[in-house]
>>> print(open('input.pdb').read())   # PDB, C-alpha atoms and all ligand atoms
ATOM      1  CA  GLU D1462       9.298  -1.262 -25.699  1.00  0.00           C
ATOM      2  CA  ALA D1463       9.418  -0.073 -22.083  1.00  0.00           C
ATOM      3  CA  PRO D1464       6.845  -1.725 -19.833  1.00  0.00           C
ATOM      4  CA  VAL D1465       3.722   0.234 -18.926  1.00  0.00           C
ATOM      5  CA  VAL D1466       3.732   1.342 -15.285  1.00  0.00           C
ATOM      6  CA  LEU D1467       0.607   2.296 -13.347  1.00  0.00           C
ATOM      7  CA  ALA D1468       1.205   3.918  -9.944  1.00  0.00           C
ATOM      8  CA  ILE D1469      -1.637   3.772  -7.417  1.00  0.00           C
ATOM      9  CA  ASP D1470      -1.196   5.557  -4.104  1.00  0.00           C
ATOM     10  CA  GLY D1471      -3.454   6.516  -1.238  1.00  0.00           C
ATOM     11  CA  PRO D1472      -4.230   6.042   2.459  1.00  0.00           C
ATOM     12  CA  ALA D1473      -5.227   2.778   4.149  1.00  0.00           C
ATOM     13  CA  ALA D1474      -8.561   1.209   3.126  1.00  0.00           C
ATOM     14  CA  ALA D1475      -9.277   3.719   0.356  1.00  0.00           C
ATOM     15  CA  GLY D1476      -9.798   0.764  -1.980  1.00  0.00           C
ATOM     16  CA  LYS D1477      -6.505   1.021  -3.829  1.00  0.00           C
ATOM     17  CA  GLY D1478      -5.541  -2.634  -3.418  1.00  0.00           C
ATOM     18  CA  THR D1479      -8.815  -3.916  -4.855  1.00  0.00           C
ATOM     19  CA  LEU D1480      -8.616  -1.335  -7.607  1.00  0.00           C
ATOM     20  CA  ALA D1481      -4.973  -2.053  -8.450  1.00  0.00           C
ATOM     21  CA  ARG D1482      -5.592  -5.803  -8.561  1.00  0.00           C
ATOM     22  CA  GLY D1483      -8.650  -5.287 -10.775  1.00  0.00           C
ATOM     23  CA  MET D1484      -6.755  -3.062 -13.183  1.00  0.00           C
ATOM     24  CA  ALA D1485      -3.844  -5.487 -13.407  1.00  0.00           C
ATOM     25  CA  GLU D1486      -6.241  -8.319 -14.181  1.00  0.00           C
ATOM     26  CA  ARG D1487      -8.198  -6.397 -16.821  1.00  0.00           C
ATOM     27  CA  LEU D1488      -5.083  -5.007 -18.506  1.00  0.00           C
ATOM     28  CA  GLY D1489      -2.981  -8.177 -18.264  1.00  0.00           C
ATOM     29  CA  LEU D1490      -0.316  -6.523 -16.111  1.00  0.00           C
ATOM     30  CA  ALA D1491       1.685  -7.802 -13.142  1.00  0.00           C
ATOM     31  CA  TYR D1492       0.620  -6.535  -9.700  1.00  0.00           C
ATOM     32  CA  LEU D1493       2.710  -5.611  -6.654  1.00  0.00           C
ATOM     33  CA  ASP D1494       1.176  -4.630  -3.312  1.00  0.00           C
ATOM     34  CA  THR D1495       4.135  -2.679  -1.887  1.00  0.00           C
ATOM     35  CA  GLY D1496       2.517  -2.406   1.559  1.00  0.00           C
ATOM     36  CA  LEU D1497       3.302  -6.115   1.922  1.00  0.00           C
ATOM     37  CA  LEU D1498       7.034  -5.348   1.831  1.00  0.00           C
ATOM     38  CA  TYR D1499       6.691  -3.026   4.818  1.00  0.00           C
ATOM     39  CA  ARG D1500       4.291  -5.369   6.594  1.00  0.00           C
ATOM     40  CA  ALA D1501       6.649  -8.326   6.135  1.00  0.00           C
ATOM     41  CA  THR D1502       9.582  -6.233   7.374  1.00  0.00           C
ATOM     42  CA  GLY D1503       7.709  -5.090  10.484  1.00  0.00           C
ATOM     43  CA  MET D1504       6.482  -8.588  11.296  1.00  0.00           C
ATOM     44  CA  ALA D1505       9.944 -10.094  10.764  1.00  0.00           C
ATOM     45  CA  VAL D1506      11.228  -7.737  13.460  1.00  0.00           C
ATOM     46  CA  ARG D1507       8.362  -8.709  15.775  1.00  0.00           C
ATOM     47  CA  ARG D1508       8.810 -12.434  15.202  1.00  0.00           C
ATOM     48  CA  ALA D1509      12.491 -12.130  16.058  1.00  0.00           C
ATOM     49  CA  GLY D1510      11.418 -10.581  19.367  1.00  0.00           C
ATOM     50  CA  GLY D1511      12.502  -7.079  18.313  1.00  0.00           C
ATOM     51  CA  ASP D1512      10.836  -3.666  18.349  1.00  0.00           C
ATOM     52  CA  PRO D1513       9.660  -2.209  14.995  1.00  0.00           C
ATOM     53  CA  ASP D1514      10.725   1.227  16.257  1.00  0.00           C
ATOM     54  CA  ASP D1515      14.339   0.032  16.525  1.00  0.00           C
ATOM     55  CA  PRO D1516      16.107   1.332  13.389  1.00  0.00           C
ATOM     56  CA  ALA D1517      18.913  -1.267  13.394  1.00  0.00           C
ATOM     57  CA  ALA D1518      16.495  -4.195  13.675  1.00  0.00           C
ATOM     58  CA  ALA D1519      14.190  -2.730  11.034  1.00  0.00           C
ATOM     59  CA  GLU D1520      16.961  -2.102   8.521  1.00  0.00           C
ATOM     60  CA  GLN D1521      18.378  -5.581   9.019  1.00  0.00           C
ATOM     61  CA  ALA D1522      14.948  -7.131   8.456  1.00  0.00           C
ATOM     62  CA  ALA D1523      14.359  -5.062   5.305  1.00  0.00           C
ATOM     63  CA  ARG D1524      17.706  -6.121   3.849  1.00  0.00           C
ATOM     64  CA  ALA D1525      17.039  -9.771   4.661  1.00  0.00           C
ATOM     65  CA  LEU D1526      13.546  -9.775   3.110  1.00  0.00           C
ATOM     66  CA  ARG D1527      12.865 -12.542   0.537  1.00  0.00           C
ATOM     67  CA  PRO D1528       9.924 -12.689  -1.893  1.00  0.00           C
ATOM     68  CA  SER D1529       8.678 -15.798  -0.065  1.00  0.00           C
ATOM     69  CA  ASP D1530       8.279 -13.687   3.124  1.00  0.00           C
ATOM     70  CA  LEU D1531       5.428 -11.845   1.389  1.00  0.00           C
ATOM     71  CA  ALA D1532       3.277 -14.968   1.745  1.00  0.00           C
ATOM     72  CA  ALA D1533       3.411 -15.049   5.560  1.00  0.00           C
ATOM     73  CA  PRO D1534      -0.123 -15.604   6.938  1.00  0.00           C
ATOM     74  CA  ASP D1535      -0.261 -12.769   9.468  1.00  0.00           C
ATOM     75  CA  LEU D1536       0.505  -9.843   7.153  1.00  0.00           C
ATOM     76  CA  ARG D1537      -3.056  -8.623   6.615  1.00  0.00           C
ATOM     77  CA  GLY D1538      -3.912  -7.921  10.236  1.00  0.00           C
ATOM     78  CA  GLU D1539      -3.821  -4.667  12.170  1.00  0.00           C
ATOM     79  CA  ALA D1540      -0.651  -5.621  14.073  1.00  0.00           C
ATOM     80  CA  ALA D1541       1.214  -5.933  10.773  1.00  0.00           C
ATOM     81  CA  GLY D1542      -0.198  -2.612   9.526  1.00  0.00           C
ATOM     82  CA  ASP D1543       0.967  -0.892  12.670  1.00  0.00           C
ATOM     83  CA  ALA D1544       4.450  -2.453  12.557  1.00  0.00           C
ATOM     84  CA  ALA D1545       4.645  -1.578   8.839  1.00  0.00           C
ATOM     85  CA  SER D1546       3.964   2.094   9.339  1.00  0.00           C
ATOM     86  CA  ARG D1547       6.657   2.213  12.041  1.00  0.00           C
ATOM     87  CA  VAL D1548       9.451   0.659   9.970  1.00  0.00           C
ATOM     88  CA  ALA D1549       8.253   2.631   6.915  1.00  0.00           C
ATOM     89  CA  SER D1550       9.287   5.939   8.483  1.00  0.00           C
ATOM     90  CA  MET D1551      12.973   4.930   8.426  1.00  0.00           C
ATOM     91  CA  GLU D1552      15.071   5.936   5.439  1.00  0.00           C
ATOM     92  CA  PRO D1553      17.378   2.867   5.417  1.00  0.00           C
ATOM     93  CA  VAL D1554      14.330   0.594   5.375  1.00  0.00           C
ATOM     94  CA  ARG D1555      12.813   2.433   2.402  1.00  0.00           C
ATOM     95  CA  ALA D1556      16.149   2.408   0.583  1.00  0.00           C
ATOM     96  CA  ALA D1557      16.514  -1.349   1.107  1.00  0.00           C
ATOM     97  CA  LEU D1558      13.049  -1.988  -0.375  1.00  0.00           C
ATOM     98  CA  LEU D1559      13.410   0.377  -3.330  1.00  0.00           C
ATOM     99  CA  ASP D1560      15.362  -1.917  -5.673  1.00  0.00           C
ATOM    100  CA  PHE D1561      12.830  -4.710  -5.426  1.00  0.00           C
ATOM    101  CA  GLN D1562       9.981  -2.344  -6.318  1.00  0.00           C
ATOM    102  CA  ARG D1563      11.823  -0.700  -9.213  1.00  0.00           C
ATOM    103  CA  SER D1564      12.928  -4.037 -10.670  1.00  0.00           C
ATOM    104  CA  PHE D1565       9.352  -5.258 -10.517  1.00  0.00           C
ATOM    105  CA  ALA D1566       8.155  -2.148 -12.403  1.00  0.00           C
ATOM    106  CA  HIS D1567      10.894  -2.117 -15.017  1.00  0.00           C
ATOM    107  CA  ALA D1568      11.100  -5.872 -15.613  1.00  0.00           C
ATOM    108  CA  PRO D1569       7.700  -7.300 -14.598  1.00  0.00           C
ATOM    109  CA  PRO D1570       7.630 -11.039 -13.789  1.00  0.00           C
ATOM    110  CA  ASP D1571       6.388 -13.663 -16.248  1.00  0.00           C
ATOM    111  CA  GLY D1572       7.063 -11.368 -19.210  1.00  0.00           C
ATOM    112  CA  ALA D1573       4.022  -9.190 -18.443  1.00  0.00           C
ATOM    113  CA  PRO D1574       3.911  -6.061 -20.648  1.00  0.00           C
ATOM    114  CA  GLY D1575       3.759  -3.817 -17.598  1.00  0.00           C
ATOM    115  CA  ALA D1576       3.019  -3.538 -13.918  1.00  0.00           C
ATOM    116  CA  VAL D1577       0.591  -1.991 -11.457  1.00  0.00           C
ATOM    117  CA  LEU D1578       2.146  -1.008  -8.117  1.00  0.00           C
ATOM    118  CA  ASP D1579       0.125   0.251  -5.190  1.00  0.00           C
ATOM    119  CA  GLY D1580       1.420   1.962  -2.065  1.00  0.00           C
ATOM    120  CA  ARG D1581       2.050   5.409  -0.621  1.00  0.00           C
ATOM    121  CA  ASP D1582       4.973   6.771  -2.641  1.00  0.00           C
ATOM    122  CA  ILE D1583       4.865   4.959  -5.987  1.00  0.00           C
ATOM    123  CA  GLY D1584       4.062   8.058  -8.054  1.00  0.00           C
ATOM    124  CA  THR D1585       6.345  10.337  -6.044  1.00  0.00           C
ATOM    125  CA  VAL D1586       9.434   8.207  -5.309  1.00  0.00           C
ATOM    126  CA  VAL D1587       9.442   4.637  -6.632  1.00  0.00           C
ATOM    127  CA  CYS D1588       8.181   5.297 -10.170  1.00  0.00           C
ATOM    128  CA  PRO D1589       8.084   9.062 -10.773  1.00  0.00           C
ATOM    129  CA  ASP D1590       7.935   8.344 -14.525  1.00  0.00           C
ATOM    130  CA  ALA D1591       4.864   6.094 -14.295  1.00  0.00           C
ATOM    131  CA  ASP D1592       2.543   6.278 -17.307  1.00  0.00           C
ATOM    132  CA  VAL D1593      -0.545   6.745 -15.152  1.00  0.00           C
ATOM    133  CA  LYS D1594      -0.691   7.948 -11.542  1.00  0.00           C
ATOM    134  CA  LEU D1595      -3.792   7.590  -9.439  1.00  0.00           C
ATOM    135  CA  PHE D1596      -4.245   8.883  -5.913  1.00  0.00           C
ATOM    136  CA  VAL D1597      -7.140   6.917  -4.433  1.00  0.00           C
ATOM    137  CA  THR D1598      -8.749   8.347  -1.348  1.00  0.00           C
ATOM    138  CA  ALA D1599     -11.959   8.392   0.718  1.00  0.00           C
ATOM    139  CA  SER D1600     -13.066  10.022   3.971  1.00  0.00           C
ATOM    140  CA  PRO D1601     -11.554   8.544   7.175  1.00  0.00           C
ATOM    141  CA  GLU D1602     -15.067   7.452   8.267  1.00  0.00           C
ATOM    142  CA  THR D1603     -15.671   5.586   5.001  1.00  0.00           C
ATOM    143  CA  ARG D1604     -12.287   3.913   5.196  1.00  0.00           C
ATOM    144  CA  ALA D1605     -12.725   2.940   8.847  1.00  0.00           C
ATOM    145  CA  ARG D1606     -16.152   1.478   8.061  1.00  0.00           C
ATOM    146  CA  ARG D1607     -14.704  -0.626   5.216  1.00  0.00           C
ATOM    147  CA  ARG D1608     -11.782  -1.833   7.304  1.00  0.00           C
ATOM    148  CA  PHE D1609     -14.151  -2.645  10.193  1.00  0.00           C
ATOM    149  CA  MET D1610     -16.413  -4.765   7.951  1.00  0.00           C
ATOM    150  CA  GLU D1611     -13.387  -6.503   6.467  1.00  0.00           C
ATOM    151  CA  LEU D1612     -11.939  -7.359   9.887  1.00  0.00           C
ATOM    152  CA  ARG D1613     -15.297  -8.564  11.165  1.00  0.00           C
ATOM    153  CA  GLU D1614     -15.754 -10.764   8.100  1.00  0.00           C
ATOM    154  CA  ARG D1615     -12.424 -12.327   8.965  1.00  0.00           C
ATOM    155  CA  GLY D1616     -13.820 -13.132  12.383  1.00  0.00           C
ATOM    156  CA  GLN D1617     -11.799 -10.528  14.275  1.00  0.00           C
ATOM    157  CA  ASP D1618     -13.357  -8.959  17.319  1.00  0.00           C
ATOM    158  CA  VAL D1619     -13.088  -5.213  16.680  1.00  0.00           C
ATOM    159  CA  ILE D1620     -14.781  -1.944  17.658  1.00  0.00           C
ATOM    160  CA  GLU D1621     -15.481   0.502  14.853  1.00  0.00           C
ATOM    161  CA  SER D1622     -14.499   3.628  16.813  1.00  0.00           C
ATOM    162  CA  ARG D1623     -11.192   1.974  17.635  1.00  0.00           C
ATOM    163  CA  VAL D1624     -10.587   1.137  13.981  1.00  0.00           C
ATOM    164  CA  LEU D1625     -11.254   4.788  13.087  1.00  0.00           C
ATOM    165  CA  GLN D1626      -8.874   5.992  15.777  1.00  0.00           C
ATOM    166  CA  ASP D1627      -6.104   3.604  14.664  1.00  0.00           C
ATOM    167  CA  MET D1628      -6.650   4.651  11.069  1.00  0.00           C
ATOM    168  CA  LYS D1629      -6.319   8.342  11.891  1.00  0.00           C
ATOM    169  CA  GLU D1630      -3.120   7.636  13.822  1.00  0.00           C
ATOM    170  CA  ARG D1631      -1.636   5.672  10.943  1.00  0.00           C
ATOM    171  CA  ASP D1632      -2.687   8.383   8.435  1.00  0.00           C
ATOM    172  CA  ALA D1633      -1.028  11.043  10.573  1.00  0.00           C
ATOM    173  CA  ARG D1634       2.166   9.000  10.866  1.00  0.00           C
ATOM    174  CA  ASP D1635       2.260   8.298   7.110  1.00  0.00           C
ATOM    175  CA  SER D1636       1.460  11.892   6.103  1.00  0.00           C
ATOM    176  CA  SER D1637       3.756  13.708   8.501  1.00  0.00           C
ATOM    177  CA  ARG D1638       6.928  11.628   8.191  1.00  0.00           C
ATOM    178  CA  GLY D1639       9.922  13.437   6.768  1.00  0.00           C
ATOM    179  CA  ILE D1640      10.666  10.781   4.177  1.00  0.00           C
ATOM    180  CA  ALA D1641       8.338   9.756   1.349  1.00  0.00           C
ATOM    181  CA  PRO D1642       5.221  11.072   3.082  1.00  0.00           C
ATOM    182  CA  LEU D1643       1.796  10.068   1.845  1.00  0.00           C
ATOM    183  CA  VAL D1644       1.004  12.812  -0.654  1.00  0.00           C
ATOM    184  CA  ALA D1645      -0.455  12.892  -4.164  1.00  0.00           C
ATOM    185  CA  ALA D1646       2.109  13.431  -6.927  1.00  0.00           C
ATOM    186  CA  ASP D1647       1.618  16.737  -8.791  1.00  0.00           C
ATOM    187  CA  ASP D1648       0.637  14.815 -11.901  1.00  0.00           C
ATOM    188  CA  ALA D1649      -1.619  12.248 -10.190  1.00  0.00           C
ATOM    189  CA  VAL D1650      -5.344  12.035 -10.834  1.00  0.00           C
ATOM    190  CA  VAL D1651      -7.226  12.036  -7.514  1.00  0.00           C
ATOM    191  CA  LEU D1652     -10.036   9.489  -7.279  1.00  0.00           C
ATOM    192  CA  ASP D1653     -12.341   9.775  -4.245  1.00  0.00           C
ATOM    193  CA  THR D1654     -14.059   6.423  -3.703  1.00  0.00           C
ATOM    194  CA  SER D1655     -16.344   7.533  -0.829  1.00  0.00           C
ATOM    195  CA  ASP D1656     -19.382   7.254  -3.122  1.00  0.00           C
ATOM    196  CA  LEU D1657     -18.094   4.598  -5.523  1.00  0.00           C
ATOM    197  CA  ASP D1658     -18.362   0.838  -5.233  1.00  0.00           C
ATOM    198  CA  ARG D1659     -15.542  -1.327  -6.522  1.00  0.00           C
ATOM    199  CA  ASP D1660     -16.956  -1.646 -10.051  1.00  0.00           C
ATOM    200  CA  GLY D1661     -17.492   2.112 -10.259  1.00  0.00           C
ATOM    201  CA  ALA D1662     -13.927   2.816  -9.144  1.00  0.00           C
ATOM    202  CA  LEU D1663     -12.549   0.262 -11.615  1.00  0.00           C
ATOM    203  CA  ALA D1664     -14.568   1.674 -14.523  1.00  0.00           C
ATOM    204  CA  ALA D1665     -13.468   5.249 -13.747  1.00  0.00           C
ATOM    205  CA  SER D1666      -9.822   4.170 -13.540  1.00  0.00           C
ATOM    206  CA  LEU D1667      -9.885   2.126 -16.737  1.00  0.00           C
ATOM    207  CA  ALA D1668     -11.386   5.120 -18.538  1.00  0.00           C
ATOM    208  CA  LEU D1669      -8.472   7.230 -17.324  1.00  0.00           C
ATOM    209  CA  VAL D1670      -5.952   4.708 -18.603  1.00  0.00           C
ATOM    210  CA  ALA D1671      -7.743   4.510 -21.955  1.00  0.00           C
ATOM    211  CA  ALA D1672      -7.603   8.309 -22.272  1.00  0.00           C
ATOM    212  CA  CYS D1673      -3.842   8.227 -21.749  1.00  0.00           C
ATOM    213  CA  PRO D1674      -1.616   8.917 -24.752  1.00  0.00           C
TER     214      PRO D1674
HETATM  215  O1  LIG J1701      -1.024  -0.343   2.206  1.00  0.00           O
HETATM  216  P1  LIG J1701      -0.792  -1.013   3.529  1.00  0.00           P
HETATM  217  O2  LIG J1701      -1.831  -0.708   4.556  1.00  0.00           O
HETATM  218  O3  LIG J1701      -0.547  -2.480   3.383  1.00  0.00           O
HETATM  219  O4  LIG J1701       0.598  -0.409   4.067  1.00  0.00           O
HETATM  220  C1  LIG J1701       1.031  -0.611   5.380  1.00  0.00           C
HETATM  221  C2  LIG J1701       1.971   0.523   5.787  1.00  0.00           C
HETATM  222  O5  LIG J1701       3.176   0.451   5.007  1.00  0.00           O
HETATM  223  C3  LIG J1701       1.427   1.927   5.511  1.00  0.00           C
HETATM  224  O6  LIG J1701       0.702   2.437   6.611  1.00  0.00           O
HETATM  225  C4  LIG J1701       2.677   2.743   5.254  1.00  0.00           C
HETATM  226  O7  LIG J1701       3.240   3.225   6.453  1.00  0.00           O
HETATM  227  C5  LIG J1701       3.652   1.742   4.686  1.00  0.00           C
HETATM  228  N1  LIG J1701       3.842   1.865   3.240  1.00  0.00           N
HETATM  229  C6  LIG J1701       4.703   2.835   2.774  1.00  0.00           C
HETATM  230  N2  LIG J1701       4.984   2.925   1.446  1.00  0.00           N
HETATM  231  C7  LIG J1701       4.385   2.104   0.560  1.00  0.00           C
HETATM  232  C8  LIG J1701       3.468   1.120   1.012  1.00  0.00           C
HETATM  233  C9  LIG J1701       3.214   1.040   2.368  1.00  0.00           C
HETATM  234  O8  LIG J1701       5.239   3.603   3.547  1.00  0.00           O
HETATM  235  N3  LIG J1701       4.701   2.225  -0.745  1.00  0.00           N
END
>>> encode(input="input.pdb", output="structure tokens", more="lines below")
Ligand code: C5P
Amino acid sequence: EAPVVLAIDGPAAAGKGTLARGMAERLGLAYLDTGLLYRATGMAVRRAGGDPDDPAAAEQAARALRPSDLAAPDLRGEAAGDAASRVASMEPVRAALLDFQRSFAHAPPDGAPGAVLDGRDIGTVVCPDADVKLFVTASPETRARRRFMELRERGQDVIESRVLQDMKERDARDSSRGIAPLVAADDAVVLDTSDLDRDGALAASLALVAACP
């Protein structure tokens, strides 16, 4: 039997990572945070002293990426998010990362019966045949507020208006790029989490999966 694939896309800090992880746990599926691939690629370029906007450096880093690179400690910060969205606009980078994502979906690790992948283009490009597609979103203000609280909890010194501005810039870059832009697949269910807490979002999503043929 083909593995079950759940595709979860949406903008930064909409709650898709928490949701995807929760669904994977509840349904006994493997989980892949595909943003980490782009973050690790961008940071590999930076660490080597390169510029994430340099296509040759970015492609080389994407091709050289190893699963162990996804555990680097600095991948969750804003610098990594920024570098990620720069390398992510380059076609050769996306092509180099595609195989890893598809293999994960079609042959999930540890014999799991399926996989949950979250990102920007899972339902549109990586797994267009996914069994369930969710597009998780929330207003920019809600997302900036969440990201701000998260960063502050981690002890980072941040200003909320700056977080909102950075978030809008990253949204614009992700949505307007020519390749694999951030957009809901035609057959995705849109879930707005502005007024949902994490349990509410998880319950709504599990109900959708249960209603699936
Ligand atoms: O989801 P996360 O914030 O970790 O993603 C970081 C960046 O990686 C995004 O802003 C986006 O540019 C890029 N990305 C992407 N496609 C994915 C996942 C992430 O382009 N499937």
>>> atom_distance(input="input.pdb", atom1="CA of Leu1498 in chain D", atom2="atom O7 of ligand LIG 1701 (chain J)")
10.5 Å
>>> closest_residue(input="input.pdb", among="D:Gly1538, D:Pro1569, D:Gly1496, D:Gly1471", to="ligand LIG 1701 (chain J)", atoms="only C-alpha atoms and all ligand atoms")
D:Gly1496
>>> residues_around(input="input.pdb", residues="Ile1469 in chain D", least_positions_apart="5", cutoff="9 Å", atoms="only C-alpha atoms", output="JSON, numbers by chain")
{"D": [1477, 1478, 1480, 1481, 1577, 1578, 1579, 1580, 1581, 1582, 1583, 1584, 1593, 1594, 1595, 1596, 1597, 1649]}
>>> residues_around(input="input.pdb", residues="Asp1656 in chain D", least_positions_apart="4", cutoff="12 Å", atoms="all atoms listed in the file", output="PyMOL selection string")
chain D and resi 1475-1476+1598-1600+1603-1604+1652+1660-1662
>>> resolve_selection(input="input.pdb", expression="the PyMOL selection byres (((not hetatm)) within 7 of (chain J and resi 1701))", output="list in words")
Ala1473, Thr1495, Gly1496, Leu1497, Tyr1499, Arg1500, Gly1542, Asp1543, Ala1545, Ser1546, Arg1547, Ala1549, Ser1550, Asp1579, Gly1580, Arg1581, Asp1582, Ile1583, Arg1631 and Asp1635 of chain D
>>> closest_residue(input="input.pdb", among="D:Ala1568, D:Val1619, D:Ala1605, D:Ala1645", to="Leu1490 in chain D", atoms="only C-alpha atoms")
D:Ala1568
>>> atom_distance(input="input.pdb", atom1="CA of Leu1612 in chain D", atom2="CA of Arg1508 in chain D")
22.0 Å
>>> residues_around(input="input.pdb", residues="His1567 in chain D", least_positions_apart="3", cutoff="9 Å", atoms="all atoms listed in the file", output="PyMOL selection string")
chain D and resi 1463-1466+1562-1564+1575-1576
>>> resolve_selection(input="input.pdb", expression="the PyMOL selection byres (((chain D and resi 1627) around 12) and not hetatm)", output="PDB file with C-alpha atoms, keeping the file's coordinate frame")
ATOM      1  CA  ALA D1473      -5.227   2.778   4.149  1.00  0.00           C
ATOM      2  CA  GLU D1539      -3.821  -4.667  12.170  1.00  0.00           C
ATOM      3  CA  ALA D1540      -0.651  -5.621  14.073  1.00  0.00           C
ATOM      4  CA  GLY D1542      -0.198  -2.612   9.526  1.00  0.00           C
ATOM      5  CA  ASP D1543       0.967  -0.892  12.670  1.00  0.00           C
ATOM      6  CA  SER D1546       3.964   2.094   9.339  1.00  0.00           C
ATOM      7  CA  PRO D1601     -11.554   8.544   7.175  1.00  0.00           C
ATOM      8  CA  GLU D1602     -15.067   7.452   8.267  1.00  0.00           C
ATOM      9  CA  ARG D1604     -12.287   3.913   5.196  1.00  0.00           C
ATOM     10  CA  ALA D1605     -12.725   2.940   8.847  1.00  0.00           C
ATOM     11  CA  ARG D1608     -11.782  -1.833   7.304  1.00  0.00           C
ATOM     12  CA  PHE D1609     -14.151  -2.645  10.193  1.00  0.00           C
ATOM     13  CA  VAL D1619     -13.088  -5.213  16.680  1.00  0.00           C
ATOM     14  CA  ILE D1620     -14.781  -1.944  17.658  1.00  0.00           C
ATOM     15  CA  GLU D1621     -15.481   0.502  14.853  1.00  0.00           C
ATOM     16  CA  SER D1622     -14.499   3.628  16.813  1.00  0.00           C
ATOM     17  CA  ARG D1623     -11.192   1.974  17.635  1.00  0.00           C
ATOM     18  CA  VAL D1624     -10.587   1.137  13.981  1.00  0.00           C
ATOM     19  CA  LEU D1625     -11.254   4.788  13.087  1.00  0.00           C
ATOM     20  CA  GLN D1626      -8.874   5.992  15.777  1.00  0.00           C
ATOM     21  CA  MET D1628      -6.650   4.651  11.069  1.00  0.00           C
ATOM     22  CA  LYS D1629      -6.319   8.342  11.891  1.00  0.00           C
ATOM     23  CA  GLU D1630      -3.120   7.636  13.822  1.00  0.00           C
ATOM     24  CA  ARG D1631      -1.636   5.672  10.943  1.00  0.00           C
ATOM     25  CA  ASP D1632      -2.687   8.383   8.435  1.00  0.00           C
ATOM     26  CA  ALA D1633      -1.028  11.043  10.573  1.00  0.00           C
ATOM     27  CA  ARG D1634       2.166   9.000  10.866  1.00  0.00           C
TER      28      ARG D1634
END
>>> decode(input="input.pdb", residues="range 1493-1504 of chain D", atoms="N, CA, C and O atoms", output="PDB file, in the first residue's frame")
ATOM      1  N   LEU D1493       8.581  15.718   8.275  1.00  0.00           N
ATOM      2  CA  LEU D1493       9.706  16.474   7.709  1.00  0.00           C
ATOM      3  C   LEU D1493       9.358  17.957   7.616  1.00  0.00           C
ATOM      4  O   LEU D1493       8.398  18.344   6.957  1.00  0.00           O
ATOM      5  N   ASP D1494      10.175  18.771   8.291  1.00  0.00           N
ATOM      6  CA  ASP D1494      10.089  20.226   8.222  1.00  0.00           C
ATOM      7  C   ASP D1494      10.976  20.649   7.055  1.00  0.00           C
ATOM      8  O   ASP D1494      12.196  20.720   7.191  1.00  0.00           O
ATOM      9  N   THR D1495      10.389  20.906   5.882  1.00  0.00           N
ATOM     10  CA  THR D1495      11.214  21.164   4.694  1.00  0.00           C
ATOM     11  C   THR D1495      11.898  22.523   4.742  1.00  0.00           C
ATOM     12  O   THR D1495      12.882  22.739   4.044  1.00  0.00           O
ATOM     13  N   GLY D1496      11.391  23.451   5.580  1.00  0.00           N
ATOM     14  CA  GLY D1496      12.063  24.737   5.728  1.00  0.00           C
ATOM     15  C   GLY D1496      13.492  24.555   6.218  1.00  0.00           C
ATOM     16  O   GLY D1496      14.388  25.330   5.868  1.00  0.00           O
ATOM     17  N   LEU D1497      13.714  23.483   7.003  1.00  0.00           N
ATOM     18  CA  LEU D1497      15.058  23.218   7.525  1.00  0.00           C
ATOM     19  C   LEU D1497      16.062  22.976   6.400  1.00  0.00           C
ATOM     20  O   LEU D1497      17.242  23.313   6.531  1.00  0.00           O
ATOM     21  N   LEU D1498      15.614  22.387   5.299  1.00  0.00           N
ATOM     22  CA  LEU D1498      16.522  22.119   4.182  1.00  0.00           C
ATOM     23  C   LEU D1498      17.040  23.435   3.607  1.00  0.00           C
ATOM     24  O   LEU D1498      18.219  23.576   3.286  1.00  0.00           O
ATOM     25  N   TYR D1499      16.110  24.405   3.470  1.00  0.00           N
ATOM     26  CA  TYR D1499      16.492  25.703   2.922  1.00  0.00           C
ATOM     27  C   TYR D1499      17.306  26.505   3.936  1.00  0.00           C
ATOM     28  O   TYR D1499      18.262  27.199   3.586  1.00  0.00           O
ATOM     29  N   ARG D1500      16.917  26.395   5.201  1.00  0.00           N
ATOM     30  CA  ARG D1500      17.678  27.076   6.256  1.00  0.00           C
ATOM     31  C   ARG D1500      19.111  26.545   6.318  1.00  0.00           C
ATOM     32  O   ARG D1500      20.081  27.314   6.402  1.00  0.00           O
ATOM     33  N   ALA D1501      19.250  25.219   6.286  1.00  0.00           N
ATOM     34  CA  ALA D1501      20.586  24.617   6.371  1.00  0.00           C
ATOM     35  C   ALA D1501      21.426  24.990   5.149  1.00  0.00           C
ATOM     36  O   ALA D1501      22.629  25.238   5.264  1.00  0.00           O
ATOM     37  N   THR D1502      20.780  25.070   3.988  1.00  0.00           N
ATOM     38  CA  THR D1502      21.502  25.468   2.772  1.00  0.00           C
ATOM     39  C   THR D1502      21.992  26.911   2.897  1.00  0.00           C
ATOM     40  O   THR D1502      23.165  27.210   2.644  1.00  0.00           O
ATOM     41  N   GLY D1503      21.104  27.803   3.304  1.00  0.00           N
ATOM     42  CA  GLY D1503      21.473  29.215   3.441  1.00  0.00           C
ATOM     43  C   GLY D1503      22.581  29.416   4.455  1.00  0.00           C
ATOM     44  O   GLY D1503      23.524  30.187   4.233  1.00  0.00           O
ATOM     45  N   MET D1504      22.488  28.709   5.589  1.00  0.00           N
ATOM     46  CA  MET D1504      23.498  28.880   6.633  1.00  0.00           C
ATOM     47  C   MET D1504      24.831  28.236   6.241  1.00  0.00           C
ATOM     48  O   MET D1504      25.895  28.706   6.658  1.00  0.00           O
TER      49      MET D1504
END
